[in-house]
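Student: Coordinates in work.txt, compact mmCIF, C-alpha atoms and all ligand atoms, are listed below.
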# COMPACT_ATOMS: atom_id res chain seq x y z
CA MET S 1 6.63 -14.70 6.71
CA LYS S 2 6.95 -14.38 2.93
CA LEU S 3 4.76 -12.94 0.17
CA TYR S 4 4.88 -14.67 -3.20
CA ASP S 5 3.93 -12.11 -5.83
CA PHE S 6 4.61 -11.42 -9.45
CA ALA S 7 7.83 -9.84 -10.58
CA GLN S 8 6.65 -7.76 -13.52
CA ALA S 9 6.82 -4.06 -12.67
CA HIS S 10 4.44 -2.84 -15.40
CA ASN S 11 1.53 -2.71 -13.02
CA PRO S 12 1.02 -2.10 -9.28
CA ARG S 13 0.14 -5.20 -7.27
CA LYS S 14 -2.86 -5.16 -4.95
CA VAL S 15 -1.39 -6.61 -1.76
CA ARG S 16 1.81 -4.63 -2.13
CA VAL S 17 -0.05 -1.33 -2.62
CA TYR S 18 -2.07 -2.18 0.49
CA LEU S 19 1.07 -3.01 2.52
CA ALA S 20 2.72 0.23 1.38
CA GLU S 21 -0.34 2.24 2.48
CA LYS S 22 -0.20 0.52 5.88
CA GLY S 23 3.58 0.88 6.23
CA ILE S 24 3.98 -2.91 6.71
CA GLN S 25 7.15 -4.61 5.45
CA VAL S 26 6.91 -8.24 4.30
CA PRO S 27 9.77 -10.14 2.61
CA LEU S 28 8.95 -10.72 -1.03
CA GLN S 29 9.56 -13.82 -3.14
CA THR S 30 9.02 -12.84 -6.76
CA VAL S 31 7.42 -15.22 -9.25
CA ASP S 32 8.16 -14.43 -12.90
CA LEU S 33 4.85 -14.93 -14.70
CA GLY S 34 6.44 -14.15 -18.09
CA LYS S 35 8.72 -17.14 -17.66
CA GLY S 36 5.82 -19.29 -16.44
CA GLU S 37 7.28 -19.81 -12.95
CA GLN S 38 3.71 -19.89 -11.55
CA ARG S 39 3.23 -23.21 -13.35
CA SER S 40 6.52 -24.75 -12.21
CA LEU S 41 6.29 -27.89 -10.05
CA GLU S 42 7.98 -25.96 -7.26
CA PHE S 43 5.37 -23.18 -7.24
CA LEU S 44 2.41 -25.56 -7.73
CA LYS S 45 3.35 -27.02 -4.33
CA ILE S 46 2.81 -23.53 -2.91
CA ASN S 47 -0.40 -22.83 -4.84
CA PRO S 48 -1.85 -25.71 -6.89
CA LEU S 49 -3.94 -23.14 -8.81
CA GLY S 50 -0.73 -21.56 -10.16
CA VAL S 51 -1.50 -17.93 -9.35
CA VAL S 52 -0.05 -15.28 -7.09
CA PRO S 53 -0.22 -13.74 -4.54
CA VAL S 54 0.23 -16.23 -1.71
CA LEU S 55 1.23 -15.27 1.82
CA GLU S 56 3.30 -17.87 3.67
CA LEU S 57 3.29 -17.57 7.46
CA ASP S 58 6.21 -18.63 9.66
CA ASP S 59 4.35 -21.82 10.71
CA GLY S 60 4.00 -22.79 7.02
CA THR S 61 0.35 -21.78 6.61
CA ARG S 62 -0.24 -20.46 3.10
CA ILE S 63 -2.98 -17.89 2.59
CA PRO S 64 -4.19 -17.49 -1.02
CA GLU S 65 -6.24 -14.67 -2.61
CA SER S 66 -5.27 -11.03 -2.33
CA LEU S 67 -8.42 -9.99 -0.46
CA ALA S 68 -7.96 -12.74 2.17
CA ILE S 69 -4.33 -11.67 2.65
CA ILE S 70 -5.37 -8.03 3.02
CA GLU S 71 -8.10 -8.89 5.56
CA TYR S 72 -5.55 -10.92 7.54
CA PHE S 73 -3.20 -7.92 7.81
CA GLU S 74 -6.07 -5.53 8.56
CA GLU S 75 -7.08 -7.65 11.58
CA LEU S 76 -3.52 -7.60 12.88
CA HIS S 77 -2.90 -3.91 12.09
CA PRO S 78 -6.18 -1.97 12.19
CA ASN S 79 -4.45 1.42 11.81
CA PRO S 80 -4.52 3.34 9.57
CA PRO S 81 -7.92 1.81 8.72
CA LEU S 82 -8.32 0.74 5.11
CA ILE S 83 -11.52 -1.30 5.65
CA GLY S 84 -13.61 1.28 7.52
CA THR S 85 -13.85 2.00 11.22
CA ASP S 86 -17.29 0.70 12.27
CA PRO S 87 -19.83 -1.86 10.98
CA VAL S 88 -21.44 0.52 8.49
CA SER S 89 -18.25 1.96 7.01
CA ARG S 90 -16.67 -1.53 6.88
CA ALA S 91 -19.72 -2.87 5.02
CA LEU S 92 -19.63 0.04 2.57
CA VAL S 93 -15.91 -0.42 1.88
CA ARG S 94 -16.43 -4.14 1.28
CA GLY S 95 -19.42 -3.48 -0.98
CA TYR S 96 -17.57 -0.95 -3.11
CA GLU S 97 -14.46 -3.12 -3.18
CA ARG S 98 -16.50 -5.97 -4.68
CA ARG S 99 -18.06 -3.59 -7.21
CA CYS S 100 -14.55 -2.56 -8.31
CA GLU S 101 -13.21 -6.14 -8.34
CA GLN S 102 -16.10 -7.62 -10.32
CA GLY S 103 -17.00 -4.64 -12.48
CA VAL S 104 -13.51 -3.35 -13.27
CA LEU S 105 -10.65 -5.70 -12.39
CA ALA S 106 -12.37 -8.92 -13.51
CA GLN S 107 -13.59 -7.30 -16.75
CA ALA S 108 -10.11 -5.92 -17.52
CA ALA S 109 -8.62 -9.37 -16.81
CA THR S 110 -11.16 -10.96 -19.19
CA ILE S 111 -10.23 -8.52 -21.98
CA PHE S 112 -6.55 -9.27 -21.41
CA GLN S 113 -7.05 -13.04 -21.32
CA HIS S 114 -9.07 -12.99 -24.56
CA THR S 115 -6.77 -10.65 -26.52
CA SER S 116 -3.18 -11.00 -25.27
CA PRO S 117 -0.64 -13.42 -26.80
CA PHE S 118 0.32 -14.15 -23.17
CA PHE S 119 -2.86 -16.25 -22.84
CA ALA S 120 -3.02 -17.63 -26.40
CA GLY S 121 -3.00 -21.43 -26.18
CA ARG S 122 -4.16 -21.37 -22.55
CA VAL S 123 -7.51 -19.62 -23.11
CA ASP S 124 -9.94 -20.25 -25.94
CA GLN S 125 -9.66 -16.62 -27.00
CA THR S 126 -13.03 -15.34 -28.19
CA PRO S 127 -13.39 -11.79 -29.56
CA LYS S 128 -17.07 -11.64 -28.49
CA VAL S 129 -16.13 -12.34 -24.86
CA ALA S 130 -13.57 -9.52 -24.93
CA GLU S 131 -16.16 -7.19 -26.51
CA ILE S 132 -18.75 -7.95 -23.81
CA ALA S 133 -16.14 -7.41 -21.09
CA ARG S 134 -15.23 -4.04 -22.68
CA LYS S 135 -18.88 -2.98 -22.55
CA ASN S 136 -19.22 -4.10 -18.93
CA LEU S 137 -16.00 -2.29 -18.01
CA THR S 138 -17.12 0.93 -19.70
CA ALA S 139 -20.50 0.84 -17.94
CA ARG S 140 -18.92 0.28 -14.52
CA LEU S 141 -16.25 2.97 -14.99
CA ALA S 142 -18.88 5.48 -16.18
CA TRP S 143 -20.89 4.71 -13.06
CA LEU S 144 -17.84 5.10 -10.82
CA ASN S 145 -17.14 8.44 -12.50
CA ASP S 146 -20.62 9.58 -11.39
CA GLU S 147 -20.08 8.17 -7.90
CA LEU S 148 -16.88 10.21 -7.55
CA LYS S 149 -18.69 13.45 -8.39
CA ASP S 150 -19.08 14.57 -4.78
CA ARG S 151 -16.38 12.67 -2.98
CA GLU S 152 -12.66 12.10 -3.07
CA TRP S 153 -12.57 8.35 -2.46
CA VAL S 154 -14.55 5.42 -3.83
CA ALA S 155 -16.18 4.24 -0.59
CA GLY S 156 -16.47 7.41 1.48
CA GLU S 157 -14.39 10.09 3.10
CA ARG S 158 -11.15 8.16 3.44
CA ILE S 159 -8.98 6.02 1.18
CA SER S 160 -9.79 2.32 1.42
CA ILE S 161 -9.19 -1.04 -0.21
CA ALA S 162 -11.95 -0.12 -2.70
CA ASP S 163 -9.60 2.55 -4.08
CA ILE S 164 -6.74 0.05 -4.19
CA THR S 165 -8.80 -2.52 -6.12
CA LEU S 166 -9.96 0.16 -8.56
CA LEU S 167 -6.36 1.34 -9.05
CA ILE S 168 -5.29 -2.21 -9.91
CA GLY S 169 -8.34 -2.65 -12.16
CA VAL S 170 -7.60 0.54 -14.14
CA GLY S 171 -3.94 -0.56 -14.35
CA TRP S 172 -4.97 -3.91 -15.84
CA ALA S 173 -7.38 -2.17 -18.21
CA LYS S 174 -4.40 -0.18 -19.54
CA VAL S 175 -2.36 -3.37 -19.88
CA ALA S 176 -5.33 -4.67 -21.94
CA LYS S 177 -5.05 -1.51 -24.11
CA TYR S 178 -8.18 0.12 -22.65
CA GLU S 179 -7.83 3.81 -21.80
CA LEU S 180 -10.02 5.90 -19.49
CA ASP S 181 -12.36 8.26 -21.36
CA PRO S 182 -10.99 11.84 -20.82
CA ALA S 183 -14.65 12.93 -20.36
CA TRP S 184 -14.68 10.99 -17.06
CA THR S 185 -13.21 13.96 -15.22
CA ASN S 186 -14.02 12.73 -11.68
CA LEU S 187 -12.50 9.31 -12.35
CA ASN S 188 -9.41 10.81 -14.00
CA ARG S 189 -8.95 13.21 -11.08
CA TRP S 190 -9.21 10.23 -8.69
CA TYR S 191 -6.77 8.17 -10.80
CA ASP S 192 -4.19 10.98 -10.90
CA ALA S 193 -4.43 11.27 -7.10
CA MET S 194 -3.98 7.51 -6.62
CA LYS S 195 -1.03 7.31 -9.02
CA ALA S 196 0.70 10.18 -7.20
CA ARG S 197 0.74 8.24 -3.91
CA PRO S 198 4.04 6.49 -3.17
CA SER S 199 2.12 3.21 -2.69
CA ALA S 200 1.25 3.17 -6.40
CA GLN S 201 4.88 2.27 -7.12
CA ALA S 202 4.71 -0.84 -4.93
N1 LIG J 301 -8.44 -13.76 -7.27
C1 LIG J 301 -7.01 -13.92 -7.22
C2 LIG J 301 -6.43 -13.72 -8.60
C3 LIG J 301 -5.04 -14.30 -8.71
C4 LIG J 301 -4.49 -14.10 -10.11
O1 LIG J 301 -5.19 -14.33 -11.11
N2 LIG J 301 -3.21 -13.70 -10.18
C5 LIG J 301 -2.56 -13.48 -11.47
C6 LIG J 301 -1.65 -12.27 -11.38
S1 LIG J 301 -2.54 -10.81 -10.99
C7 LIG J 301 -1.69 -14.67 -11.81
O2 LIG J 301 -1.00 -15.17 -10.96
N3 LIG J 301 -1.71 -15.08 -13.08
C8 LIG J 301 -0.83 -16.10 -13.55
C9 LIG J 301 -1.40 -16.87 -14.70
O3 LIG J 301 -2.59 -16.70 -14.99
O4 LIG J 301 -0.66 -17.63 -15.28
C10 LIG J 301 -6.43 -12.93 -6.21
O5 LIG J 301 -7.00 -11.83 -6.03
O6 LIG J 301 -5.43 -13.24 -5.55
Could you take the file, read its structure, and then write that structure out as structure tokens?

Tutor:
Amino acid sequence: MKLYDFAQAHNPRKVRVYLAEKGIQVPLQTVDLGKGEQRSLEFLKINPLGVVPVLELDDGTRIPESLAIIEYFEELHPNPPLIGTDPVSRALVRGYERRCEQGVLAQAATIFQHTSPFFAGRVDQTPKVAEIARKNLTARLAWLNDELKDREWVAGERISIADITLLIGVGWAKVAKYELDPAWTNLNRWYDAMKARPSAQA
């Protein structure tokens, strides 16, 4: 088994944070996005879409998409549970995880793609698109700050993949030069707690 994932250490990586929380070791094959290795002929044979992560199983099966990889490991290693423990808590974790992916991580990625020189020439960079994504991101983070008023974790009483997705989303927001509003005290408290976990270095 082998996990293809990006090499840059400026930001935690979703599957690797998850694996660290679970205590699962998987050999890593780094792909240097800065050098464009994800678009090399060699890597396009592994993922024709030219993005990481990809999990390669021993029989050669290649699983794309971080959430699919995480769900695969969760089925094999249910403990400690990071996607709930029963139908209701699993549904809530998945619901909140999507809210963090679409409302935070995807918006931060859009800002980055429409403002960073890294994507110039590959994306038709449009300031208005970045501005709309900033507004969406602010609205979703403000809402999450309210949600975290009475609880420690995004989707309930234990840490879950919703927290991991939000951690990655906030990390990408910072890469896109977006900082959390200090007035969001619940969200900042949650972020400090997430960053202090050893998994955040993964
Ligand atoms: N939805 C995909 C997103 C994959 C993705 O966009 N990966 C980024 C790194 S976080 C990438 O490989 N980007 C390379 C590029 O755009 O050139 C997932 O969750 O796995």

Student: With all atoms listed in the file as the basis for distance, which of S:Arg122, S:Lys2, S:Arg99, S:Arg62 is at the shortest distance from Gly36 in chain S?

Tutor: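 The shortest atom-to-atom distance to Gly36 in chain S comes from S:Arg122.
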
Student: Just want the residues within 6 Å of ligand LIG 301 (chain J), written as a ChimeraX atom specification, counting all atoms listed in the file.

Tutor: /S:33,51-53,65-66

Student: Convert the current residue selection to file output with C-alpha atoms, as an mmCIF file, in the frame of the given file.

Tutor:
data_model
loop_
_atom_site.group_PDB
_atom_site.id
_atom_site.type_symbol
_atom_site.label_atom_id
_atom_site.label_comp_id
_atom_site.auth_asym_id
_atom_site.auth_seq_id
_atom_site.Cartn_x
_atom_site.Cartn_y
_atom_site.Cartn_z
ATOM 1 C CA LEU S 33 4.850 -14.930 -14.700
ATOM 2 C CA VAL S 51 -1.500 -17.930 -9.350
ATOM 3 C CA VAL S 52 -0.050 -15.280 -7.090
ATOM 4 C CA PRO S 53 -0.220 -13.740 -4.540
ATOM 5 C CA GLU S 65 -6.240 -14.670 -2.610
ATOM 6 C CA SER S 66 -5.270 -11.030 -2.330
#

Student: Just the number, please: distance in Å from CA of Leu137 in chain S to CA of Val104 in chain S, one decimal.

Tutor: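 Interatomic distance, CA of Leu137 in chain S to CA of Val104 in chain S: 5.5 Å.
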
Student: Could you name the residues that touch Phe119 in chain S at 12 Å or less, counting all atoms listed in the file, but leaving out those on the same chain fewer than 5 positions away, as a ChimeraX atom specification?

Tutor: /S:33-34,36,109-114,124-126,176

Student: Neighbours of Arg90 in chain S within 12 Å (all atoms listed in the file; same-chain residues fewer than 4 positions away dropped), as a ChimeraX atom specification?

Tutor: /S:71,74,78,81-86,94-97,155-156,158,160-162

Student: Output C-alpha atoms for every residue in that selection, as a PDB file, keeping the file's coordinate frame.

Tutor:
ATOM      1  CA  GLU S  71      -8.100  -8.890   5.560  1.00  0.00           C
ATOM      2  CA  GLU S  74      -6.070  -5.530   8.560  1.00  0.00           C
ATOM      3  CA  PRO S  78      -6.180  -1.970  12.190  1.00  0.00           C
ATOM      4  CA  PRO S  81      -7.920   1.810   8.720  1.00  0.00           C
ATOM      5  CA  LEU S  82      -8.320   0.740   5.110  1.00  0.00           C
ATOM      6  CA  ILE S  83     -11.520  -1.300   5.650  1.00  0.00           C
ATOM      7  CA  GLY S  84     -13.610   1.280   7.520  1.00  0.00           C
ATOM      8  CA  THR S  85     -13.850   2.000  11.220  1.00  0.00           C
ATOM      9  CA  ASP S  86     -17.290   0.700  12.270  1.00  0.00           C
ATOM     10  CA  ARG S  94     -16.430  -4.140   1.280  1.00  0.00           C
ATOM     11  CA  GLY S  95     -19.420  -3.480  -0.980  1.00  0.00           C
ATOM     12  CA  TYR S  96     -17.570  -0.950  -3.110  1.00  0.00           C
ATOM     13  CA  GLU S  97     -14.460  -3.120  -3.180  1.00  0.00           C
ATOM     14  CA  ALA S 155     -16.180   4.240  -0.590  1.00  0.00           C
ATOM     15  CA  GLY S 156     -16.470   7.410   1.480  1.00  0.00           C
ATOM     16  CA  ARG S 158     -11.150   8.160   3.440  1.00  0.00           C
ATOM     17  CA  SER S 160      -9.790   2.320   1.420  1.00  0.00           C
ATOM     18  CA  ILE S 161      -9.190  -1.040  -0.210  1.00  0.00           C
ATOM     19  CA  ALA S 162     -11.950  -0.120  -2.700  1.00  0.00           C
TER      20      ALA S 162
END

Student: Please compute the CA of Val129 in chain S-CA of Ala106 in chain S distance, one decimal, in Å.

Tutor: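 For CA of Val129 in chain S relative to CA of Ala106 in chain S, the distance reads 12.4 Å.
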
Student: List the spatial neighbours of Pro27 in chain S as a PyMOL selection string - criterion: any atom at most 12 Å away, only C-alpha atoms, same-chain residues fewer than 4 positions off excluded.

Tutor: chain S and resi 1-5+16+19+55-58

Student: Give as a list in words every residue, naming chains and numbers as the document does, that has an atom within 10 Å of (-20.2, -8.0, -18.5), counting all atoms listed in the file.

Tutor: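 It turns out the residues near that spot are Gln102, Gly103, Val104, Ala106, Gln107, Thr110, Val129, Ala130, Glu131, Ile132, Ala133, Arg134, Lys135, Asn136, Leu137, Thr138, Ala139 and Arg140 of chain S.
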
Student: Taking all atoms listed in the file into account, which of S:Lys45, S:Arg39, S:Val123, S:Tyr191 comes nearest Thr165 in chain S?

Tutor: S:Tyr191

Student: Considering all atoms listed in the file, can you say which of S:Asn186, S:Leu105, S:Ala142, S:Ala202 comes closest to Leu28 in chain S?

Tutor: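 Smallest distance to Leu28 in chain S is found for S:Ala202.
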
Student: Grab the CA of Asn47 in chain S to CA of Lys177 in chain S distance for me, in Å with one decimal place.

Tutor: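 CA of Lys177 in chain S lies at a distance of 29.1 Å from CA of Asn47 in chain S.
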
Student: When you count all atoms listed in the file, which of these residues is closest to Arg151 in chain S: S:Gly121, S:Gly171, S:Val15, S:Leu187?

Tutor: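 Closest to Arg151 in chain S of all the choices is S:Leu187.
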
Student: Between S:Pro80, S:Gln38, S:Asp150, S:Lys195, which has the minimum distance to Asp163 in chain S (counting only C-alpha atoms)?

Tutor: S:Lys195

Student: Just checking: using all atoms listed in the file, which residue out of S:Leu49, S:Ala91, S:Val54, S:Asn188 ends up closest to Lys149 in chain S?

Tutor: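 When distances to Lys149 in chain S are compared using all atoms listed in the file, the smallest one comes from S:Asn188.
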